file input39.txt (compact mmCIF, C-alpha atoms)
# COMPACT_ATOMS: atom_id res chain seq x y z
CA MET A 1 -82.19 -66.39 -11.85
CA ARG A 2 -84.32 -69.27 -10.67
CA PRO A 3 -83.21 -71.94 -13.22
CA LEU A 4 -79.67 -71.66 -11.81
CA LYS A 5 -80.73 -72.27 -8.21
CA THR A 6 -78.86 -75.56 -7.87
CA LEU A 7 -75.58 -74.21 -9.16
CA ALA A 8 -75.94 -71.02 -7.15
CA ALA A 9 -76.45 -73.02 -3.96
CA ALA A 10 -73.27 -74.94 -4.66
CA LEU A 11 -71.31 -71.75 -5.17
CA LEU A 12 -72.73 -69.75 -2.31
CA PRO A 13 -70.35 -71.13 0.31
CA ALA A 14 -67.56 -69.36 -1.55
CA LEU A 15 -69.44 -66.20 -2.34
CA ALA A 16 -67.92 -62.91 -1.23
CA LEU A 17 -69.03 -60.00 -3.37
CA THR A 18 -70.72 -56.69 -2.61
CA ALA A 19 -73.11 -56.50 0.28
CA CYS A 20 -76.21 -55.92 -1.80
CA GLY A 21 -78.05 -59.20 -1.46
CA SER A 22 -78.43 -62.11 0.90
CA SER A 23 -77.75 -65.80 0.57
CA GLY A 24 -79.75 -68.78 1.65
CA ALA A 25 -76.92 -71.18 2.44
CA PRO A 26 -74.12 -71.18 5.02
CA VAL A 27 -71.07 -69.23 3.93
CA LYS A 28 -67.67 -70.61 4.87
CA ALA A 29 -65.17 -68.35 6.56
CA ALA A 30 -61.87 -67.74 4.85
CA GLN A 31 -58.91 -69.71 6.14
CA GLY A 32 -57.95 -68.44 9.59
CA VAL A 33 -61.19 -66.49 10.09
CA ASP A 34 -63.41 -67.46 13.02
CA PRO A 35 -66.71 -65.57 12.66
CA GLN A 36 -67.72 -66.52 16.21
CA ARG A 37 -64.63 -65.06 17.88
CA ASP A 38 -65.67 -62.31 20.27
CA VAL A 39 -63.63 -59.13 19.91
CA VAL A 40 -66.28 -56.67 21.08
CA SER A 41 -67.69 -57.64 24.49
CA GLN A 42 -64.76 -56.15 26.40
CA GLU A 43 -65.72 -52.69 25.13
CA HIS A 44 -67.50 -50.41 27.61
CA LYS A 45 -69.33 -47.10 27.67
CA VAL A 46 -67.21 -43.96 27.70
CA ASP A 47 -69.29 -41.25 29.33
CA ALA A 48 -67.45 -38.32 27.75
CA ILE A 49 -68.08 -39.74 24.27
CA ALA A 50 -71.69 -40.74 24.99
CA ALA A 51 -72.29 -37.14 26.09
CA LEU A 52 -71.74 -36.06 22.47
CA LEU A 53 -74.99 -37.77 21.47
CA PRO A 54 -78.17 -35.71 21.16
CA ALA A 55 -80.17 -35.79 24.41
CA GLU A 56 -83.09 -37.61 22.81
CA VAL A 57 -80.83 -40.41 21.58
CA ARG A 58 -79.23 -40.82 25.01
CA ALA A 59 -82.70 -40.97 26.53
CA ALA A 60 -83.90 -43.58 24.04
CA GLY A 61 -80.76 -45.64 24.60
CA SER A 62 -80.91 -47.30 21.18
CA ILE A 63 -80.24 -46.75 17.50
CA LYS A 64 -81.94 -48.27 14.49
CA VAL A 65 -79.60 -49.54 11.82
CA GLY A 66 -80.52 -50.38 8.23
CA ALA A 67 -78.04 -53.14 7.44
CA ALA A 68 -77.21 -54.82 4.15
CA VAL A 69 -76.43 -58.41 5.13
CA GLY A 70 -75.02 -60.31 2.20
CA THR A 71 -71.50 -61.68 2.08
CA PRO A 72 -68.25 -61.88 4.07
CA PRO A 73 -66.21 -60.20 5.29
CA THR A 74 -68.63 -57.22 5.44
CA ALA A 75 -71.84 -58.79 6.78
CA TYR A 76 -73.39 -62.21 6.23
CA TYR A 77 -75.09 -65.13 7.96
CA PRO A 78 -72.61 -67.90 8.85
CA ASP A 79 -75.72 -70.00 9.50
CA PRO A 80 -78.84 -68.54 7.86
CA ALA A 81 -81.04 -70.74 10.05
CA THR A 82 -80.09 -68.66 13.10
CA LYS A 83 -80.37 -65.31 11.31
CA LYS A 84 -77.48 -64.04 13.43
CA PRO A 85 -75.27 -61.81 11.28
CA ALA A 86 -71.50 -61.65 11.48
CA GLY A 87 -68.91 -59.55 9.73
CA LEU A 88 -66.79 -56.44 9.82
CA ASP A 89 -69.79 -54.08 9.76
CA VAL A 90 -71.53 -56.01 12.52
CA ASP A 91 -68.53 -55.92 14.85
CA PHE A 92 -67.84 -52.23 14.26
CA THR A 93 -71.48 -51.28 14.79
CA ASP A 94 -71.72 -53.28 18.00
CA ALA A 95 -68.40 -51.94 19.34
CA VAL A 96 -69.30 -48.31 18.63
CA ALA A 97 -72.70 -48.82 20.26
CA LYS A 98 -71.00 -50.12 23.41
CA VAL A 99 -68.77 -47.04 23.61
CA LEU A 100 -71.86 -44.87 23.26
CA GLY A 101 -73.93 -46.87 25.73
CA LEU A 102 -76.56 -47.74 23.12
CA THR A 103 -78.30 -50.92 22.06
CA VAL A 104 -78.58 -51.76 18.36
CA THR A 105 -81.83 -52.53 16.58
CA ARG A 106 -80.66 -53.99 13.29
CA GLU A 107 -83.02 -54.37 10.32
CA ASP A 108 -81.94 -56.21 7.19
CA ALA A 109 -82.45 -54.11 4.09
CA ALA A 110 -81.55 -54.28 0.42
CA PHE A 111 -78.32 -52.41 -0.23
CA GLU A 112 -79.85 -49.99 -2.73
CA THR A 113 -82.73 -49.02 -0.39
CA ILE A 114 -80.74 -47.97 2.67
CA LEU A 115 -79.35 -44.57 1.68
CA PRO A 116 -82.73 -43.25 0.44
CA ALA A 117 -84.35 -44.47 3.68
CA LEU A 118 -82.00 -42.40 5.84
CA GLY A 119 -83.56 -39.17 4.63
CA SER A 120 -87.04 -40.33 5.67
CA GLY A 121 -85.86 -41.18 9.18
CA LYS A 122 -86.57 -44.88 8.81
CA TYR A 123 -83.06 -45.62 10.08
CA ASP A 124 -80.65 -43.65 12.25
CA LEU A 125 -77.75 -44.96 10.20
CA GLY A 126 -76.93 -47.45 7.50
CA THR A 127 -74.21 -50.06 7.06
CA GLY A 128 -73.25 -51.99 3.95
CA ASN A 129 -69.64 -51.19 3.09
CA PHE A 130 -70.80 -47.80 1.84
CA GLY A 131 -67.97 -46.04 0.05
CA VAL A 132 -67.57 -42.29 0.37
CA THR A 133 -68.11 -40.74 -3.06
CA THR A 134 -68.63 -37.20 -4.26
CA ALA A 135 -72.12 -38.06 -5.46
CA ARG A 136 -73.17 -39.59 -2.16
CA LEU A 137 -71.78 -36.70 -0.13
CA LYS A 138 -74.46 -34.46 -1.63
CA THR A 139 -77.15 -36.19 0.46
CA ILE A 140 -75.29 -38.40 2.95
CA ASP A 141 -72.89 -37.82 5.83
CA PHE A 142 -70.31 -40.48 6.62
CA VAL A 143 -68.26 -41.42 9.66
CA THR A 144 -65.38 -43.46 8.28
CA TYR A 145 -63.95 -46.60 9.85
CA ILE A 146 -62.04 -48.45 7.10
CA ASP A 147 -60.49 -47.89 3.70
CA ASP A 148 -61.68 -50.41 1.11
CA GLY A 149 -62.63 -49.68 -2.48
CA GLN A 150 -63.07 -51.10 -5.96
CA GLY A 151 -61.42 -54.07 -7.60
CA PHE A 152 -61.93 -56.71 -10.28
CA ALA A 153 -61.92 -60.50 -10.43
CA VAL A 154 -62.17 -63.13 -13.16
CA LYS A 155 -62.44 -66.90 -13.32
CA LYS A 156 -59.28 -68.51 -12.06
CA ASP A 157 -58.47 -70.00 -15.46
CA ASN A 158 -58.83 -66.64 -17.23
CA THR A 159 -55.32 -65.52 -18.15
CA THR A 160 -56.24 -62.85 -20.68
CA LEU A 161 -56.97 -60.05 -18.21
CA GLY A 162 -54.42 -58.79 -15.70
CA THR A 163 -54.50 -55.97 -13.17
CA VAL A 164 -57.02 -53.35 -14.31
CA THR A 165 -55.59 -49.85 -13.97
CA ASP A 166 -57.70 -48.24 -16.71
CA LEU A 167 -61.25 -49.09 -17.75
CA VAL A 168 -60.13 -49.08 -21.37
CA GLN A 169 -58.71 -52.53 -20.62
CA LEU A 170 -62.31 -53.76 -20.33
CA CYS A 171 -63.42 -52.67 -23.80
CA GLY A 172 -65.50 -55.34 -25.52
CA LEU A 173 -66.03 -57.31 -22.31
CA THR A 174 -69.12 -57.87 -20.18
CA ILE A 175 -68.72 -56.82 -16.55
CA GLY A 176 -70.99 -58.03 -13.76
CA THR A 177 -71.61 -55.95 -10.64
CA GLY A 178 -74.15 -55.12 -7.95
CA THR A 179 -77.21 -52.94 -8.40
CA GLY A 180 -76.99 -49.54 -6.72
CA THR A 181 -73.26 -49.80 -5.98
CA THR A 182 -70.37 -47.45 -6.64
CA PHE A 183 -69.11 -50.09 -9.06
CA GLU A 184 -72.22 -49.82 -11.20
CA SER A 185 -72.10 -46.02 -11.26
CA THR A 186 -68.36 -45.95 -12.03
CA LEU A 187 -68.74 -48.36 -14.94
CA ASN A 188 -71.80 -46.63 -16.40
CA ALA A 189 -70.34 -43.15 -16.07
CA ARG A 190 -67.13 -43.98 -17.92
CA LYS A 191 -68.25 -46.10 -20.85
CA ASN A 192 -67.00 -43.38 -23.15
CA VAL A 193 -63.38 -44.40 -22.53
CA CYS A 194 -63.80 -47.19 -25.07
CA THR A 195 -65.48 -45.19 -27.83
CA ASP A 196 -62.98 -42.38 -27.26
CA ALA A 197 -60.23 -44.94 -27.88
CA GLY A 198 -62.00 -46.25 -30.99
CA LYS A 199 -62.88 -49.53 -29.31
CA LYS A 200 -66.06 -51.47 -28.66
CA PRO A 201 -67.69 -50.38 -25.37
CA TYR A 202 -67.86 -52.77 -22.47
CA THR A 203 -71.27 -53.99 -21.31
CA VAL A 204 -72.45 -53.66 -17.72
CA GLN A 205 -74.75 -56.30 -16.23
CA SER A 206 -76.12 -55.40 -12.80
CA PHE A 207 -77.51 -57.92 -10.32
CA SER A 208 -79.42 -57.43 -7.09
CA GLU A 209 -78.34 -60.82 -5.75
CA ASN A 210 -74.76 -61.89 -5.21
CA ALA A 211 -75.41 -65.48 -6.21
CA ALA A 212 -76.36 -64.34 -9.69
CA ILE A 213 -73.11 -62.40 -10.11
CA LEU A 214 -70.88 -65.33 -9.29
CA THR A 215 -73.01 -67.79 -11.25
CA SER A 216 -72.82 -65.54 -14.32
CA LEU A 217 -69.03 -65.37 -13.99
CA GLN A 218 -68.68 -69.12 -13.59
CA GLN A 219 -70.91 -69.78 -16.61
CA GLY A 220 -69.05 -67.27 -18.76
CA ARG A 221 -71.97 -64.89 -19.21
CA VAL A 222 -69.85 -62.11 -17.74
CA ASP A 223 -66.12 -61.86 -18.31
CA ALA A 224 -65.23 -60.16 -15.03
CA VAL A 225 -66.83 -58.78 -11.88
CA MET A 226 -66.28 -55.45 -10.17
CA SER A 227 -66.74 -55.39 -6.41
CA THR A 228 -65.07 -54.56 -3.10
CA ILE A 229 -61.35 -55.13 -2.66
CA ASN A 230 -61.86 -56.97 0.63
CA GLY A 231 -64.76 -59.01 -0.71
CA LEU A 232 -62.94 -60.16 -3.83
CA ARG A 233 -59.83 -61.05 -1.85
CA TYR A 234 -61.95 -63.06 0.55
CA GLN A 235 -63.68 -64.79 -2.33
CA ALA A 236 -60.43 -65.68 -4.09
CA ALA A 237 -59.27 -67.41 -0.89
CA GLN A 238 -62.13 -69.89 -1.27
CA PRO A 239 -60.97 -72.73 -3.55
CA ALA A 240 -64.55 -73.60 -4.55
CA ALA A 241 -65.14 -70.11 -5.94
CA GLY A 242 -62.59 -70.54 -8.69
CA THR A 243 -61.91 -66.83 -8.98
CA ARG A 244 -58.76 -64.74 -9.29
CA PHE A 245 -58.45 -61.26 -7.79
CA LEU A 246 -57.01 -58.80 -10.30
CA GLY A 247 -55.97 -56.16 -7.79
CA GLU A 248 -57.09 -52.76 -6.61
CA PHE A 249 -58.62 -50.26 -8.99
CA HIS A 250 -59.73 -47.34 -6.81
CA ARG A 251 -59.57 -46.96 -3.02
CA LEU A 252 -62.54 -45.50 -1.14
CA ASP A 253 -63.12 -44.60 2.48
CA VAL A 254 -65.97 -46.64 3.95
CA GLY A 255 -68.21 -45.37 6.71
CA PHE A 256 -71.41 -45.42 8.68
CA ALA A 257 -73.98 -43.58 6.57
CA PHE A 258 -76.31 -40.91 7.96
CA LYS A 259 -78.71 -38.37 6.53
CA LYS A 260 -77.01 -35.08 5.66
CA GLY A 261 -76.54 -32.79 8.62
CA THR A 262 -76.88 -35.53 11.23
CA PRO A 263 -76.07 -34.55 14.84
CA LEU A 264 -74.88 -38.13 15.44
CA ALA A 265 -71.63 -37.82 13.50
CA PRO A 266 -69.36 -36.31 16.20
CA ALA A 267 -70.26 -39.02 18.72
CA PHE A 268 -69.75 -41.83 16.21
CA GLN A 269 -66.43 -40.38 15.06
CA ALA A 270 -65.21 -40.15 18.65
CA ALA A 271 -66.36 -43.72 19.30
CA VAL A 272 -64.45 -45.10 16.30
CA ASN A 273 -61.36 -43.21 17.41
CA GLN A 274 -61.78 -44.72 20.87
CA LEU A 275 -61.76 -48.19 19.31
CA ILE A 276 -58.54 -47.31 17.48
CA LYS A 277 -57.02 -46.04 20.74
CA ASP A 278 -57.96 -49.02 22.93
CA GLY A 279 -57.04 -51.75 20.43
CA THR A 280 -60.51 -53.13 19.64
CA TYR A 281 -60.24 -51.64 16.15
CA GLN A 282 -57.15 -53.68 15.32
CA ARG A 283 -58.67 -56.83 16.81
CA ILE A 284 -61.73 -56.50 14.57
CA LEU A 285 -59.59 -56.07 11.46
CA GLU A 286 -57.38 -59.01 12.40
CA LYS A 287 -60.44 -61.20 12.98
CA TRP A 288 -61.67 -60.62 9.43
CA GLY A 289 -58.28 -60.56 7.70
CA THR A 290 -58.64 -56.93 6.64
CA THR A 291 -55.74 -55.19 8.37
CA GLY A 292 -54.83 -53.60 5.03
CA SER A 293 -57.98 -51.49 5.35
CA ALA A 294 -56.96 -49.78 8.60
CA VAL A 295 -57.27 -46.00 8.87
CA PRO A 296 -55.28 -43.86 11.34
CA GLN A 297 -58.39 -42.03 12.49
CA SER A 298 -62.07 -41.64 11.71
CA GLN A 299 -63.24 -38.70 9.64
CA ILE A 300 -66.60 -37.06 9.06
CA SER A 301 -67.52 -36.87 5.37
CA PRO A 302 -64.03 -36.59 3.88
CA PRO A 303 -63.74 -35.90 0.15
CA GLU A 304 -63.62 -38.90 -2.16
CA HIS A 305 -60.16 -40.27 -2.80
CA SER A 306 -58.68 -38.85 -6.00

call {"tool": "encode", "arguments": {"input": "input39.txt", "output": "structure tokens"}}
result
Amino acid sequence: MRPLKTLAAALLPALALTACGSSGAPVKAAQGVDPQRDVVSQEHKVDAIAALLPAEVRAAGSIKVGAAVGTPPTAYYPDPATKKPAGLDVDFTDAVAKVLGLTVTREDAAFETILPALGSGKYDLGTGNFGVTTARLKTIDFVTYIDDGQGFAVKKDNTTLGTVTDLVQLCGLTIGTGTGTTFESTLNARKNVCTDAGKKPYTVQSFSENAAILTSLQQGRVDAVMSTINGLRYQAAQPAAGTRFLGEFHRLDVGFAFKKGTPLAPAFQAAVNQLIKDGTYQRILEKWGTTGSAVPQSQISPPEHS
């Protein structure tokens, strides 16, 4: 949305929506968050866990990651000029790689392109706050590391919409969300709830860039946005964003994404569990203000939350 470039640039410092686009301006950390704080370097290789990797991966000594780098706290550029990403996904990937004795080759990719690229072998794994859903489990394996999910937000001065517990509450409204996300698929799949209730359907507007989502909300072209719980909470903590988090709608496990049948899953699961055991896991969550997303242990391709 090129005509809105000036406004988008002003709003980007507060942006914190789904990781399905990148920004061109520095993004401020939420209060109390230091994106430069090192919570990973103390981690070291655990031979017994590294031995779970396929022999060819151990020999190569590296993994290629397709990473959606967009907004905090998942993954973003605190200073785009340096092109050095930070975020929850970055720290977890780096920490797991240390346990496995691997180096990370990270390639920025559009959120919606990563999962299809896993099947072709372009990447060994993908990161981007990928939620575990029944549909995705048909073609993707996951190794979980947090519990996040779906939520809604509105402009701060919007007092007409409260906590959304049923999509029927959105009837007649326009909802903005990210292209290729679970939010988009959830909204599109359940439009019938409004017609079934004899009400006007809600409209879904999907955006490939996060700046456009927030700009549309601020200008009143969408009434609400649907995105990650952690992202919307982070955003609402930024005074300049002018948004209000409406609460959780549906929790989802989030994990490293792999092509179906990957032999990498057992090693990655064991590595995440090692982080939980040695305390690095908690330190990463505390760094990004996401302790509410902690899981007791990593799982391989669990069923979607009911």

call {"tool": "residues_around", "arguments": {"input": "input39.txt", "residues": "Val46 (chain A)", "least_positions_apart": "5", "cutoff": "8 Å", "atoms": "all atoms listed in the file", "output": "PyMOL selection string"}}
result
chain A and resi 99-101

call {"tool": "closest_residue", "arguments": {"input": "input39.txt", "among": "A:Leu161, A:Val65, A:Leu246, A:Ala211", "to": "Lys122 (chain A)", "atoms": "all atoms listed in the file"}}
result
A:Val65

call {"tool": "atom_distance", "arguments": {"input": "input39.txt", "atom1": "CA of Asp89 (chain A)", "atom2": "CA of Leu137 (chain A)"}}
result
20.1 Å

call {"tool": "closest_residue", "arguments": {"input": "input39.txt", "among": "A:Pro54, A:Gly279, A:Gly242, A:Pro35", "to": "Asp157 (chain A)", "atoms": "all atoms listed in the file"}}
result
A:Gly242

call {"tool": "atom_distance", "arguments": {"input": "input39.txt", "atom1": "CA of Tyr123 (chain A)", "atom2": "CA of Ser301 (chain A)"}}
result
18.4 Å

call {"tool": "atom_distance", "arguments": {"input": "input39.txt", "atom1": "CA of Ser227 (chain A)", "atom2": "CA of Gly261 (chain A)"}}
result
28.9 Å

call {"tool": "closest_residue", "arguments": {"input": "input39.txt", "among": "A:Pro78, A:Gly162, A:Gly126, A:Pro303", "to": "Phe111 (chain A)", "atoms": "all atoms listed in the file"}}
result
A:Gly126

call {"tool": "closest_residue", "arguments": {"input": "input39.txt", "among": "A:Val225, A:Ala135, A:Val143, A:Val154", "to": "Ser185 (chain A)", "atoms": "all atoms listed in the file"}}
result
A:Ala135

call {"tool": "residues_near_point", "arguments": {"input": "input39.txt", "point": "(-71.8, -45.5, 10.0)", "cutoff": "7 Å", "atoms": "all atoms listed in the file", "output": "list in words"}}
result
Leu125, Gly126, Thr127, Phe142, Val143, Thr144, Gly255, Phe256, Ala257 and Phe258 of chain A

call {"tool": "residues_around", "arguments": {"input": "input39.txt", "residues": "region 146-152 of chain A", "least_positions_apart": "5", "cutoff": "6 Å", "atoms": "all atoms listed in the file", "output": "JSON, numbers by chain"}}
result
{"A": [225, 226, 227, 228, 229, 246, 247, 248, 249, 250, 251, 252, 253, 254, 293, 294, 295]}

call {"tool": "closest_residue", "arguments": {"input": "input39.txt", "among": "A:Ala86, A:Leu264, A:Ala117, A:Ala55", "to": "Asp38 (chain A)", "atoms": "only C-alpha atoms"}}
result
A:Ala86

call {"tool": "closest_residue", "arguments": {"input": "input39.txt", "among": "A:Gly121, A:Gly176, A:Gly131, A:Pro80", "to": "Pro302 (chain A)", "atoms": "all atoms listed in the file"}}
result
A:Gly131

call {"tool": "residues_near_point", "arguments": {"input": "input39.txt", "point": "(-79.0, -49.7, 18.1)", "cutoff": "12 Å", "atoms": "all atoms listed in the file", "output": "JSON, numbers by chain"}}
result
{"A": [57, 58, 60, 61, 62, 63, 64, 65, 66, 67, 90, 93, 94, 95, 96, 97, 98, 99, 100, 101, 102, 103, 104, 105, 106, 107, 123, 124, 125, 126]}

call {"tool": "decode", "arguments": {"input": "input39.txt", "residues": "region 222-244 of chain A", "atoms": "C-alpha atoms", "output": "mmCIF file, in the first residue's frame"}}
result
data_model
loop_
_atom_site.group_PDB
_atom_site.id
_atom_site.type_symbol
_atom_site.label_atom_id
_atom_site.label_comp_id
_atom_site.auth_asym_id
_atom_site.auth_seq_id
_atom_site.Cartn_x
_atom_site.Cartn_y
_atom_site.Cartn_z
ATOM 1 C CA VAL A 222 -10.624 -2.889 9.165
ATOM 2 C CA ASP A 223 -12.486 -3.091 12.452
ATOM 3 C CA ALA A 224 -10.232 -5.635 14.140
ATOM 4 C CA VAL A 225 -7.167 -7.770 13.497
ATOM 5 C CA MET A 226 -6.611 -11.451 14.170
ATOM 6 C CA SER A 227 -3.060 -12.515 14.947
ATOM 7 C CA THR A 228 -0.833 -14.255 17.482
ATOM 8 C CA ILE A 229 -1.574 -13.940 21.186
ATOM 9 C CA ASN A 230 2.033 -13.043 21.990
ATOM 10 C CA GLY A 231 2.311 -10.626 19.082
ATOM 11 C CA LEU A 232 -0.866 -8.737 19.922
ATOM 12 C CA ARG A 233 0.077 -8.501 23.587
ATOM 13 C CA TYR A 234 3.476 -7.156 22.611
ATOM 14 C CA GLN A 235 1.880 -4.659 20.263
ATOM 15 C CA ALA A 236 -0.615 -3.429 22.849
ATOM 16 C CA ALA A 237 2.310 -2.665 25.185
ATOM 17 C CA GLN A 238 3.554 -0.091 22.670
ATOM 18 C CA PRO A 239 1.782 3.227 23.369
ATOM 19 C CA ALA A 240 2.315 4.437 19.790
ATOM 20 C CA ALA A 241 0.408 1.473 18.368
ATOM 21 C CA GLY A 242 -2.861 2.557 19.916
ATOM 22 C CA THR A 243 -4.262 -0.958 20.020
ATOM 23 C CA ARG A 244 -6.134 -2.975 22.625
#
